[in-house]
$ cat protein14.pdb   # PDB, C-alpha atoms
ATOM      1  CA  MET C   1       0.000   0.000   0.000
ATOM      2  CA  SER C   2       1.529   3.297  -1.087
ATOM      3  CA  VAL C   3       1.583   6.227   1.263
ATOM      4  CA  GLU C   4       0.897   9.683  -0.136
ATOM      5  CA  PRO C   5       3.688  12.130   0.748
ATOM      6  CA  ALA C   6       2.763  14.837   3.203
ATOM      7  CA  PRO C   7       1.875  18.141   1.531
ATOM      8  CA  PRO C   8       4.463  20.885   1.852
ATOM      9  CA  PRO C   9       3.876  23.293   4.739
ATOM     10  CA  HIS C  10       1.700  26.326   4.030
ATOM     11  CA  LEU C  11       3.601  29.473   4.933
ATOM     12  CA  ASP C  12       1.501  32.593   5.476
ATOM     13  CA  LEU C  13       3.006  35.794   4.052
ATOM     14  CA  THR C  14       1.987  37.891   7.056
ATOM     15  CA  ARG C  15       3.780  35.483   9.404
ATOM     16  CA  LEU C  16       6.838  35.441   7.172
ATOM     17  CA  ARG C  17       6.821  39.235   7.365
ATOM     18  CA  VAL C  18       6.747  39.012  11.171
ATOM     19  CA  LEU C  19       9.663  36.546  11.268
ATOM     20  CA  ALA C  20      11.696  38.767   8.933
ATOM     21  CA  ALA C  21      11.031  41.757  11.201
ATOM     22  CA  VAL C  22      12.194  39.801  14.287
ATOM     23  CA  ALA C  23      15.379  38.791  12.467
ATOM     24  CA  ARG C  24      15.943  42.357  11.271
ATOM     25  CA  THR C  25      15.262  44.137  14.582
ATOM     26  CA  GLY C  26      16.580  41.526  16.996
ATOM     27  CA  SER C  27      13.559  41.183  19.274
ATOM     28  CA  VAL C  28       9.823  40.546  19.397
ATOM     29  CA  THR C  29       9.234  43.931  21.005
ATOM     30  CA  ALA C  30      11.144  45.833  18.327
ATOM     31  CA  ALA C  31       9.429  43.855  15.564
ATOM     32  CA  ALA C  32       6.019  44.697  17.039
ATOM     33  CA  ARG C  33       6.981  48.377  17.113
ATOM     34  CA  GLU C  34       8.211  48.326  13.500
ATOM     35  CA  LEU C  35       5.112  46.548  12.209
ATOM     36  CA  HIS C  36       2.716  48.526  14.416
ATOM     37  CA  TYR C  37       1.405  45.287  15.913
ATOM     38  CA  ALA C  38       0.647  44.463  19.536
ATOM     39  CA  GLN C  39       3.386  42.285  21.043
ATOM     40  CA  PRO C  40       0.988  39.359  21.775
ATOM     41  CA  SER C  41      -0.046  39.437  18.114
ATOM     42  CA  VAL C  42       3.574  39.054  17.015
ATOM     43  CA  SER C  43       4.061  36.142  19.409
ATOM     44  CA  HIS C  44       0.899  34.515  18.085
ATOM     45  CA  HIS C  45       2.028  34.825  14.467
ATOM     46  CA  LEU C  46       5.408  33.318  15.332
ATOM     47  CA  ALA C  47       3.814  30.374  17.121
ATOM     48  CA  ARG C  48       1.523  29.711  14.168
ATOM     49  CA  LEU C  49       4.469  29.950  11.745
ATOM     50  CA  GLU C  50       6.389  27.364  13.751
ATOM     51  CA  ALA C  51       3.359  25.059  13.570
ATOM     52  CA  GLU C  52       3.106  25.595   9.812
ATOM     53  CA  ALA C  53       6.840  24.971   9.302
ATOM     54  CA  GLY C  54       6.876  21.944  11.625
ATOM     55  CA  ILE C  55      10.134  23.014  13.248
ATOM     56  CA  ALA C  56      11.276  25.364  15.998
ATOM     57  CA  LEU C  57      12.199  28.779  14.635
ATOM     58  CA  LEU C  58      12.948  30.606  17.897
ATOM     59  CA  GLN C  59      14.517  29.732  21.200
ATOM     60  CA  ARG C  60      14.670  31.513  24.515
ATOM     61  CA  ALA C  61      17.788  33.545  25.225
ATOM     62  CA  GLY C  62      17.538  35.139  28.670
ATOM     63  CA  ARG C  63      14.539  37.462  28.576
ATOM     64  CA  GLY C  64      14.516  37.524  24.813
ATOM     65  CA  VAL C  65      14.584  35.131  21.896
ATOM     66  CA  ARG C  66      16.960  34.249  19.128
ATOM     67  CA  LEU C  67      16.485  32.469  15.853
ATOM     68  CA  THR C  68      17.371  28.832  15.474
ATOM     69  CA  GLU C  69      19.285  27.654  12.431
ATOM     70  CA  ALA C  70      15.939  26.892  10.764
ATOM     71  CA  GLY C  71      14.636  30.285  11.837
ATOM     72  CA  ARG C  72      17.593  32.088  10.272
ATOM     73  CA  LEU C  73      17.222  30.125   7.051
ATOM     74  CA  LEU C  74      13.491  30.847   6.827
ATOM     75  CA  ALA C  75      13.987  34.532   7.733
ATOM     76  CA  ASP C  76      16.483  34.907   4.886
ATOM     77  CA  ARG C  77      14.106  33.246   2.474
ATOM     78  CA  ALA C  78      11.239  35.351   3.816
ATOM     79  CA  GLU C  79      13.035  38.570   2.828
ATOM     80  CA  GLU C  80      13.549  37.177  -0.670
ATOM     81  CA  ILE C  81       9.929  35.986  -0.956
ATOM     82  CA  LEU C  82       8.483  39.245   0.320
ATOM     83  CA  GLY C  83      10.697  41.204  -2.065
ATOM     84  CA  ARG C  84       9.474  39.160  -5.014
ATOM     85  CA  VAL C  85       5.853  39.582  -3.978
ATOM     86  CA  GLU C  86       6.303  43.346  -3.661
ATOM     87  CA  GLY C  87       8.016  43.451  -7.041
ATOM     88  CA  ALA C  88       5.122  41.556  -8.615
ATOM     89  CA  ARG C  89       2.675  43.962  -6.971
ATOM     90  CA  ARG C  90       4.537  46.956  -8.421
ATOM     91  CA  GLU C  91       4.558  45.371 -11.874
ATOM     92  CA  LEU C  92       0.817  44.727 -11.686
ATOM     93  CA  ASP C  93       0.188  48.295 -10.508
ATOM     94  CA  ALA C  94       2.265  49.576 -13.417
ATOM     95  CA  LEU C  95       0.317  47.417 -15.877
ATOM     96  CA  VAL C  96      -3.011  48.664 -14.529
ATOM     97  CA  GLY C  97      -1.742  52.259 -14.571
ATOM     98  CA  LEU C  98      -0.699  52.026 -18.223
ATOM     99  CA  ARG C  99      -4.010  50.475 -19.244
ATOM    100  CA  ALA C 100      -6.352  52.774 -17.403
ATOM    101  CA  GLY C 101      -4.227  55.567 -15.951
ATOM    102  CA  ARG C 102      -3.867  59.222 -16.844
ATOM    103  CA  ALA C 103      -0.824  61.415 -17.404
ATOM    104  CA  ARG C 104      -1.165  65.196 -17.028
ATOM    105  CA  LEU C 105       1.386  67.492 -18.677
ATOM    106  CA  ALA C 106       2.068  71.222 -18.482
ATOM    107  CA  ALA C 107       4.221  72.552 -21.324
ATOM    108  CA  PHE C 108       5.222  75.850 -22.959
ATOM    109  CA  PRO C 109       3.634  76.817 -26.315
ATOM    110  CA  SER C 110       6.376  75.909 -28.802
ATOM    111  CA  ALA C 111       6.798  72.470 -27.181
ATOM    112  CA  LEU C 112       3.033  71.932 -27.271
ATOM    113  CA  ALA C 113       3.147  72.585 -31.000
ATOM    114  CA  THR C 114       6.126  70.311 -31.724
ATOM    115  CA  LEU C 115       7.396  67.779 -29.187
ATOM    116  CA  VAL C 116       4.147  67.090 -27.352
ATOM    117  CA  PRO C 117       1.991  65.937 -30.307
ATOM    118  CA  ALA C 118       4.637  63.373 -31.297
ATOM    119  CA  ALA C 119       4.944  62.190 -27.683
ATOM    120  CA  VAL C 120       1.175  61.878 -27.233
ATOM    121  CA  ALA C 121       0.825  59.954 -30.507
ATOM    122  CA  GLY C 122       3.547  57.524 -29.441
ATOM    123  CA  LEU C 123       2.012  57.130 -26.001
ATOM    124  CA  ARG C 124      -1.451  56.366 -27.339
ATOM    125  CA  ALA C 125      -0.085  53.898 -29.868
ATOM    126  CA  ALA C 126       1.745  51.991 -27.125
ATOM    127  CA  HIS C 127      -0.959  52.326 -24.443
ATOM    128  CA  PRO C 128      -4.386  52.961 -26.036
ATOM    129  CA  GLY C 129      -6.223  53.057 -22.702
ATOM    130  CA  LEU C 130      -3.979  55.731 -21.213
ATOM    131  CA  GLY C 131      -5.518  59.188 -20.900
ATOM    132  CA  VAL C 132      -3.480  62.351 -21.434
ATOM    133  CA  GLY C 133      -4.258  65.836 -20.129
ATOM    134  CA  LEU C 134      -2.455  68.891 -21.520
ATOM    135  CA  VAL C 135      -2.107  72.394 -20.083
ATOM    136  CA  GLU C 136      -0.273  75.306 -21.722
ATOM    137  CA  ALA C 137       2.030  76.985 -19.203
ATOM    138  CA  GLU C 138       5.318  78.849 -19.193
ATOM    139  CA  PRO C 139       8.018  77.233 -17.013
ATOM    140  CA  PRO C 140       7.268  79.025 -13.694
ATOM    141  CA  GLU C 141       3.550  78.256 -13.963
ATOM    142  CA  ALA C 142       4.281  74.664 -15.033
ATOM    143  CA  VAL C 143       6.535  74.148 -12.015
ATOM    144  CA  ALA C 144       3.877  75.604  -9.707
ATOM    145  CA  ALA C 145       1.266  73.245 -11.176
ATOM    146  CA  LEU C 146       3.614  70.292 -10.655
ATOM    147  CA  GLN C 147       4.266  71.248  -7.029
ATOM    148  CA  ALA C 148       0.533  71.645  -6.407
ATOM    149  CA  GLY C 149      -0.146  68.188  -7.830
ATOM    150  CA  ASP C 150      -2.242  69.564 -10.697
ATOM    151  CA  VAL C 151      -0.007  67.881 -13.290
ATOM    152  CA  ASP C 152       2.277  64.839 -13.286
ATOM    153  CA  VAL C 153       4.965  66.202 -15.632
ATOM    154  CA  ALA C 154       6.182  69.747 -16.256
ATOM    155  CA  LEU C 155       8.002  70.443 -19.518
ATOM    156  CA  VAL C 156      10.222  73.502 -19.033
ATOM    157  CA  PHE C 157      13.244  75.154 -20.603
ATOM    158  CA  GLN C 158      16.427  76.754 -19.326
ATOM    159  CA  HIS C 159      19.049  78.806 -21.124
ATOM    160  CA  THR C 160      22.416  77.304 -20.317
ATOM    161  CA  ASP C 161      25.117  79.593 -21.653
ATOM    162  CA  ALA C 162      24.315  83.227 -20.867
ATOM    163  CA  PRO C 163      24.130  85.228 -17.626
ATOM    164  CA  HIS C 164      20.632  86.280 -16.649
ATOM    165  CA  ALA C 165      19.295  89.038 -14.467
ATOM    166  CA  ARG C 166      16.826  86.571 -12.949
ATOM    167  CA  PRO C 167      18.179  83.434 -11.208
ATOM    168  CA  ALA C 168      17.590  80.104 -12.911
ATOM    169  CA  MET C 169      14.847  77.894 -11.542
ATOM    170  CA  ASP C 170      15.791  75.680  -8.596
ATOM    171  CA  LEU C 171      15.265  72.161  -9.913
ATOM    172  CA  SER C 172      16.882  70.329  -6.982
ATOM    173  CA  ARG C 173      13.483  69.225  -5.658
ATOM    174  CA  PHE C 174      12.531  67.426  -8.858
ATOM    175  CA  GLU C 175      13.483  64.416 -10.909
ATOM    176  CA  VAL C 176      14.928  65.999 -14.064
ATOM    177  CA  THR C 177      15.069  64.312 -17.480
ATOM    178  CA  ALA C 178      16.794  65.980 -20.444
ATOM    179  CA  VAL C 179      14.414  66.000 -23.422
ATOM    180  CA  HIS C 180      15.904  68.298 -26.063
ATOM    181  CA  SER C 181      18.689  70.812 -26.714
ATOM    182  CA  GLU C 182      17.886  73.512 -29.252
ATOM    183  CA  PRO C 183      19.828  76.417 -30.736
ATOM    184  CA  ILE C 184      18.746  80.017 -30.264
ATOM    185  CA  THR C 185      18.415  81.714 -33.638
ATOM    186  CA  LEU C 186      18.622  85.292 -34.813
ATOM    187  CA  VAL C 187      15.547  86.005 -36.949
ATOM    188  CA  ARG C 188      15.551  88.812 -39.520
ATOM    189  CA  ARG C 189      13.716  89.829 -42.670
ATOM    190  CA  ALA C 190      14.789  87.843 -45.715
ATOM    191  CA  ALA C 191      15.519  90.955 -47.792
ATOM    192  CA  GLY C 192      18.715  92.653 -46.612
ATOM    193  CA  THR C 193      17.331  96.167 -46.372
ATOM    194  CA  GLY C 194      16.334  98.658 -43.728
ATOM    195  CA  THR C 195      16.979  97.408 -40.208
ATOM    196  CA  ASP C 196      18.506  94.255 -41.721
ATOM    197  CA  ALA C 197      21.303  96.026 -43.562
ATOM    198  CA  ALA C 198      23.846  95.063 -40.900
ATOM    199  CA  LEU C 199      23.086  91.404 -41.628
ATOM    200  CA  SER C 200      22.894  91.438 -45.397
ATOM    201  CA  GLY C 201      25.356  88.524 -45.515
ATOM    202  CA  GLU C 202      23.050  85.619 -44.745
ATOM    203  CA  ASP C 203      25.845  83.040 -44.738
ATOM    204  CA  ALA C 204      28.044  84.858 -42.221
ATOM    205  CA  PRO C 205      27.694  83.901 -38.533
ATOM    206  CA  PRO C 206      25.392  86.468 -36.910
ATOM    207  CA  SER C 207      26.796  88.922 -34.393
ATOM    208  CA  LEU C 208      24.728  90.840 -31.862
ATOM    209  CA  VAL C 209      27.314  93.630 -31.824
ATOM    210  CA  ASP C 210      26.299  94.515 -35.374
ATOM    211  CA  LEU C 211      22.714  95.031 -34.191
ATOM    212  CA  ARG C 212      23.227  97.538 -31.388
ATOM    213  CA  ASP C 213      21.158 100.104 -33.326
ATOM    214  CA  ALA C 214      18.433  97.701 -34.519
ATOM    215  CA  ALA C 215      14.854  97.624 -33.282
ATOM    216  CA  TRP C 216      14.072  94.418 -31.382
ATOM    217  CA  ILE C 217      10.923  92.364 -30.971
ATOM    218  CA  ALA C 218      10.855  90.662 -27.590
ATOM    219  CA  GLY C 219       8.530  88.876 -25.204
ATOM    220  CA  CYS C 220       7.327  89.866 -21.755
ATOM    221  CA  GLU C 221       9.787  91.151 -19.168
ATOM    222  CA  ARG C 222      10.450  87.656 -17.816
ATOM    223  CA  CYS C 223      10.747  86.046 -21.253
ATOM    224  CA  ARG C 224      13.113  88.676 -22.682
ATOM    225  CA  ALA C 225      15.748  88.030 -19.992
ATOM    226  CA  ASP C 226      17.866  85.922 -22.338
ATOM    227  CA  LEU C 227      17.890  88.613 -25.051
ATOM    228  CA  VAL C 228      18.749  91.373 -22.593
ATOM    229  CA  ALA C 229      21.553  89.308 -21.041
ATOM    230  CA  ARG C 230      23.101  88.414 -24.383
ATOM    231  CA  CYS C 231      23.001  92.010 -25.602
ATOM    232  CA  ALA C 232      24.524  93.164 -22.309
ATOM    233  CA  THR C 233      27.376  90.710 -22.852
ATOM    234  CA  ALA C 234      27.813  92.234 -26.323
ATOM    235  CA  GLY C 235      28.037  95.689 -24.727
ATOM    236  CA  PHE C 236      24.652  97.301 -25.355
ATOM    237  CA  ALA C 237      21.030  97.393 -24.224
ATOM    238  CA  PRO C 238      18.540  96.345 -26.924
ATOM    239  CA  ARG C 239      16.012  98.910 -28.112
ATOM    240  CA  ILE C 240      12.779  96.949 -27.770
ATOM    241  CA  ALA C 241      10.184  98.314 -30.175
ATOM    242  CA  PHE C 242       7.504  95.606 -29.908
ATOM    243  CA  GLU C 243       6.524  93.149 -27.188
ATOM    244  CA  THR C 244       4.826  89.819 -27.856
ATOM    245  CA  ASP C 245       5.289  86.203 -26.729
ATOM    246  CA  ASP C 246       3.495  84.909 -29.839
ATOM    247  CA  TYR C 247       6.177  83.413 -32.078
ATOM    248  CA  VAL C 248       3.861  83.680 -35.107
ATOM    249  CA  ALA C 249       3.432  87.410 -34.488
ATOM    250  CA  VAL C 250       7.174  87.823 -33.887
ATOM    251  CA  GLN C 251       7.965  86.390 -37.314
ATOM    252  CA  ALA C 252       5.262  88.453 -38.994
ATOM    253  CA  LEU C 253       6.679  91.633 -37.462
ATOM    254  CA  VAL C 254      10.206  90.669 -38.515
ATOM    255  CA  ALA C 255       8.969  89.935 -42.046
ATOM    256  CA  SER C 256       7.370  93.380 -42.181
ATOM    257  CA  GLY C 257      10.707  95.023 -41.389
ATOM    258  CA  ALA C 258       9.655  96.141 -37.906
ATOM    259  CA  GLY C 259      12.780  94.712 -36.288
ATOM    260  CA  VAL C 260      14.810  91.606 -35.498
ATOM    261  CA  SER C 261      14.380  88.977 -32.811
ATOM    262  CA  LEU C 262      15.781  85.880 -31.097
ATOM    263  CA  LEU C 263      13.709  82.701 -31.264
ATOM    264  CA  PRO C 264      14.435  79.103 -30.202
ATOM    265  CA  SER C 265      14.407  76.551 -32.992
ATOM    266  CA  LEU C 266      11.224  74.859 -31.698
ATOM    267  CA  ALA C 267       9.309  78.079 -32.349
ATOM    268  CA  LEU C 268      10.516  78.005 -35.954
ATOM    269  CA  ARG C 269       9.678  74.311 -36.242
ATOM    270  CA  ALA C 270       6.145  75.054 -35.018
ATOM    271  CA  HIS C 271       5.686  77.890 -37.543
ATOM    272  CA  ARG C 272       8.030  79.271 -40.176
ATOM    273  CA  ASN C 273       7.276  82.501 -41.991
ATOM    274  CA  PRO C 274       8.758  82.220 -45.493
ATOM    275  CA  ASP C 275       9.799  85.885 -45.435
ATOM    276  CA  VAL C 276      12.277  85.573 -42.557
ATOM    277  CA  VAL C 277      15.807  84.225 -42.297
ATOM    278  CA  ALA C 278      16.870  82.380 -39.138
ATOM    279  CA  GLN C 279      20.528  81.853 -38.257
ATOM    280  CA  PRO C 280      21.759  79.964 -35.155
ATOM    281  CA  LEU C 281      23.486  82.319 -32.743
ATOM    282  CA  PRO C 282      26.961  80.898 -32.064
ATOM    283  CA  GLY C 283      27.094  79.120 -28.709
ATOM    284  CA  ALA C 284      23.499  79.930 -27.767
ATOM    285  CA  THR C 285      21.341  76.964 -26.705
ATOM    286  CA  ARG C 286      18.237  76.205 -24.680
ATOM    287  CA  GLN C 287      17.651  72.984 -22.751
ATOM    288  CA  VAL C 288      14.181  71.419 -22.626
ATOM    289  CA  LEU C 289      13.618  69.376 -19.462
ATOM    290  CA  ALA C 290      10.853  67.121 -18.139
ATOM    291  CA  LEU C 291      10.254  67.438 -14.394
ATOM    292  CA  THR C 292       8.479  65.030 -12.055
ATOM    293  CA  VAL C 293       8.152  64.933  -8.278
ATOM    294  CA  GLY C 294       9.675  61.841  -6.684
ATOM    295  CA  ALA C 295       9.136  58.500  -8.389
ATOM    296  CA  PRO C 296       6.738  59.162 -11.301
ATOM    297  CA  THR C 297       3.611  57.104 -11.814
ATOM    298  CA  PRO C 298       3.829  54.483 -14.583
ATOM    299  CA  ALA C 299       1.733  56.743 -16.819
ATOM    300  CA  ALA C 300       3.950  59.773 -16.147
ATOM    301  CA  GLN C 301       7.117  57.734 -16.710
ATOM    302  CA  ALA C 302       5.769  56.483 -20.031
ATOM    303  CA  LEU C 303       4.982  60.066 -21.059
ATOM    304  CA  VAL C 304       8.500  61.252 -20.136
ATOM    305  CA  GLU C 305      10.000  58.447 -22.212
ATOM    306  CA  ARG C 306       7.934  59.482 -25.235
ATOM    307  CA  LEU C 307       8.944  63.120 -24.766
ATOM    308  CA  VAL C 308      12.599  62.072 -24.838
ATOM    309  CA  GLU C 309      11.945  60.135 -28.060
ATOM    310  CA  ALA C 310      10.262  63.196 -29.580
ATOM    311  CA  GLY C 311      13.169  65.406 -28.508
ATOM    312  CA  THR C 312      15.677  63.013 -30.104
ATOM    313  CA  ALA C 313      13.680  62.953 -33.344
ATOM    314  CA  ALA C 314      13.552  66.764 -33.401
ATOM    315  CA  ARG C 315      17.370  66.884 -33.439
ATOM    316  CA  ASP C 316      17.599  64.613 -36.486
TER     317      ASP C 316
END
$ encode --input "protein14.pdb" --output "structure tokens"
Amino acid sequence: MSVEPAPPPHLDLTRLRVLAAVARTGSVTAAARELHYAQPSVSHHLARLEAEAGIALLQRAGRGVRLTEAGRLLADRAEEILGRVEGARRELDALVGLRAGRARLAAFPSALATLVPAAVAGLRAAHPGLGVGLVEAEPPEAVAALQAGDVDVALVFQHTDAPHARPAMDLSRFEVTAVHSEPITLVRRAAGTGTDAALSGEDAPPSLVDLRDAAWIAGCERCRADLVARCATAGFAPRIAFETDDYVAVQALVASGAGVSLLPSLALRAHRNPDVVAQPLPGATRQVLALTVGAPTPAAQALVERLVEAGTAARD
């Protein structure tokens, strides 16, 4: 007559967690404090675990306890088991988040017109059930929305190579991902007449010094900081004749002969007036960055990855 082998012991995850805490902290009392359990509850779980394992896991040592050889072995395995279970839980949460989650993005206008559509298209192709929310915001407002929890990702820019009257944003509190690096361009009327006479040579590298007497088209006081700083480095203060943050209007004004301007390449990628000439300003660049707070949600992380892909494609 054959005898069926005894079934393997059933080991409860909660009790394994208790044993691991005792091994980690060195006592039942400390384990109870770490787990926020009552001490009798910890003792009960340990007794039940010993019954399940069929072997002594603890032994008295003065007023305390210490793990037996079997207890140490099981405690080590418990840490490994619990880690794998937690990893599986995170993977499941990520899968659910990518199937039914939502990513909210705040971004500045020229990025919304260029990088963001490509990123959103890629995100929806990879994760059709993922919702995306978009808000137009300049960097300070985008950062404020991120800090307030109104968005999951803030797409911002920083000029990296020129002194500015205003301090750069403090990004130390955020997770920062580089998305794109774009040149700053000098934009002038295609015909080399009037205010453009100093730059009639379209193939020559542009020089701000040659434009000390030109009329300039600039954005709001905050947005024109880069222009003002670069002109100051060149030894003059720009004569700002028109103010607008609309890159379409800037190019139209330049095309009309009203003045010259500086625009980042994304603004020209979003809209290009055929009657203007744009030349990269030597050494002038702007960094586009994606910011998140702490560990991003799976949906936010997927969005950041697509933004990086869009930024790489924009450089090609």
$ residues_around --input "protein14.pdb" --residues "C:Pro139" --least-positions-apart "2" --cutoff "10 Å" --atoms "all atoms listed in the file" --output "PyMOL selection string"
chain C and resi 106-108+136-137+141-145+154-158+169+289
$ resolve_selection --input "protein14.pdb" --expression "the PyMOL selection byres ((chain C and resi 262) around 8)" --output "list in words"
Ile184, Thr185, Leu186, Val187, Ala218, Leu227, Val260, Ser261, Leu263 and Pro264 of chain C
$ resolve_selection --input "protein14.pdb" --expression "the PyMOL selection byres ((chain C and resi 65) around 12)" --output "mmCIF file with C-alpha atoms, in the coordinates of the input"
data_model
loop_
_atom_site.group_PDB
_atom_site.id
_atom_site.type_symbol
_atom_site.label_atom_id
_atom_site.label_comp_id
_atom_site.auth_asym_id
_atom_site.auth_seq_id
_atom_site.Cartn_x
_atom_site.Cartn_y
_atom_site.Cartn_z
ATOM 1 C CA LEU C 19 9.663 36.546 11.268
ATOM 2 C CA VAL C 22 12.194 39.801 14.287
ATOM 3 C CA ALA C 23 15.379 38.791 12.467
ATOM 4 C CA THR C 25 15.262 44.137 14.582
ATOM 5 C CA GLY C 26 16.580 41.526 16.996
ATOM 6 C CA SER C 27 13.559 41.183 19.274
ATOM 7 C CA VAL C 28 9.823 40.546 19.397
ATOM 8 C CA THR C 29 9.234 43.931 21.005
ATOM 9 C CA ALA C 30 11.144 45.833 18.327
ATOM 10 C CA ALA C 31 9.429 43.855 15.564
ATOM 11 C CA SER C 43 4.061 36.142 19.409
ATOM 12 C CA LEU C 46 5.408 33.318 15.332
ATOM 13 C CA ALA C 56 11.276 25.364 15.998
ATOM 14 C CA LEU C 57 12.199 28.779 14.635
ATOM 15 C CA LEU C 58 12.948 30.606 17.897
ATOM 16 C CA GLN C 59 14.517 29.732 21.200
ATOM 17 C CA ARG C 60 14.670 31.513 24.515
ATOM 18 C CA ALA C 61 17.788 33.545 25.225
ATOM 19 C CA GLY C 62 17.538 35.139 28.670
ATOM 20 C CA ARG C 63 14.539 37.462 28.576
ATOM 21 C CA GLY C 64 14.516 37.524 24.813
ATOM 22 C CA ARG C 66 16.960 34.249 19.128
ATOM 23 C CA LEU C 67 16.485 32.469 15.853
ATOM 24 C CA THR C 68 17.371 28.832 15.474
ATOM 25 C CA GLY C 71 14.636 30.285 11.837
#
$ residues_around --input "protein14.pdb" --residues "C:Arg48" --least-positions-apart "6" --cutoff "12 Å" --atoms "all atoms listed in the file" --output "PyMOL selection string"
chain C and resi 9-16+18-19+41-42+54-57
$ resolve_selection --input "protein14.pdb" --expression "the PyMOL selection byres ((chain C and resi 232) around 12)" --output "VMD selection string"
chain C and resid 162 to 165 208 to 209 212 225 to 231 233 to 239
$ residues_around --input "protein14.pdb" --residues "stretch 303-309 of chain C" --least-positions-apart "3" --cutoff "12 Å" --atoms "only C-alpha atoms" --output "PyMOL selection string"
chain C and resi 98+101-107+111-112+114-127+130-134+152-156+175-181+288-292+296-300+312-316
$ closest_residue --input "protein14.pdb" --among "C:Ala215, C:Leu253, C:Cys223, C:Ala284" --to "C:Ala241" --atoms "only C-alpha atoms"
C:Ala215
$ atom_distance --input "protein14.pdb" --atom1 "atom CA of C:Pro183" --atom2 "atom CA of C:Val277"
14.5 Å
$ atom_distance --input "protein14.pdb" --atom1 "atom CA of C:Ser265" --atom2 "atom CA of C:Asp213"
24.5 Å
$ residues_around --input "protein14.pdb" --residues "C:Arg189" --least-positions-apart "2" --cutoff "8 Å" --atoms "only C-alpha atoms" --output "ChimeraX atom specification"
/C:187,191-192,196,254-257,260,275-277
$ atom_distance --input "protein14.pdb" --atom1 "atom CA of C:Ala295" --atom2 "atom CA of C:Gly83"
18.5 Å
$ closest_residue --input "protein14.pdb" --among "C:Leu281, C:Val293, C:Ala148, C:Ala113" --to "C:Ser172" --atoms "only C-alpha atoms"
C:Val293
$ closest_residue --input "protein14.pdb" --among "C:Gly294, C:Gly311, C:Pro206, C:Pro40" --to "C:Arg188" --atoms "only C-alpha atoms"
C:Pro206
$ closest_residue --input "protein14.pdb" --among "C:Pro109, C:Arg269, C:Ala53, C:Ile81" --to "C:Glu138" --atoms "only C-alpha atoms"
C:Pro109
$ decode --input "protein14.pdb" --residues "stretch 23-27 of chain C" --atoms "all heavy atoms" --output "mmCIF file, in the first residue's frame"
data_model
loop_
_atom_site.group_PDB
_atom_site.id
_atom_site.type_symbol
_atom_site.label_atom_id
_atom_site.label_comp_id
_atom_site.auth_asym_id
_atom_site.auth_seq_id
_atom_site.Cartn_x
_atom_site.Cartn_y
_atom_site.Cartn_z
ATOM 1 N N ALA C 23 13.981 38.986 12.846
ATOM 2 C CA ALA C 23 15.379 38.791 12.467
ATOM 3 C C ALA C 23 16.074 40.120 12.227
ATOM 4 O O ALA C 23 17.245 40.313 12.591
ATOM 5 C CB ALA C 23 15.456 37.908 11.222
ATOM 6 N N ARG C 24 15.358 41.065 11.632
ATOM 7 C CA ARG C 24 15.943 42.357 11.271
ATOM 8 C C ARG C 24 16.159 43.245 12.499
ATOM 9 O O ARG C 24 17.155 43.960 12.599
ATOM 10 C CB ARG C 24 15.040 43.049 10.253
ATOM 11 C CG ARG C 24 15.619 44.287 9.616
ATOM 12 C CD ARG C 24 14.814 44.727 8.406
ATOM 13 N NE ARG C 24 13.390 44.859 8.706
ATOM 14 C CZ ARG C 24 12.449 44.045 8.245
ATOM 15 N NH1 ARG C 24 12.782 43.009 7.473
ATOM 16 N NH2 ARG C 24 11.180 44.236 8.543
ATOM 17 N N THR C 25 15.206 43.220 13.434
ATOM 18 C CA THR C 25 15.262 44.137 14.582
ATOM 19 C C THR C 25 15.901 43.517 15.814
ATOM 20 O O THR C 25 16.348 44.232 16.708
ATOM 21 C CB THR C 25 13.850 44.607 14.947
ATOM 22 O OG1 THR C 25 13.049 43.488 15.332
ATOM 23 C CG2 THR C 25 13.187 45.309 13.764
ATOM 24 N N GLY C 26 15.912 42.186 15.888
ATOM 25 C CA GLY C 26 16.580 41.526 16.996
ATOM 26 C C GLY C 26 15.705 41.158 18.173
ATOM 27 O O GLY C 26 16.194 40.533 19.117
ATOM 28 N N SER C 27 14.435 41.531 18.157
ATOM 29 C CA SER C 27 13.559 41.183 19.274
ATOM 30 C C SER C 27 12.103 41.228 18.852
ATOM 31 O O SER C 27 11.746 41.888 17.877
ATOM 32 C CB SER C 27 13.776 42.121 20.462
ATOM 33 O OG SER C 27 13.207 43.397 20.203
#
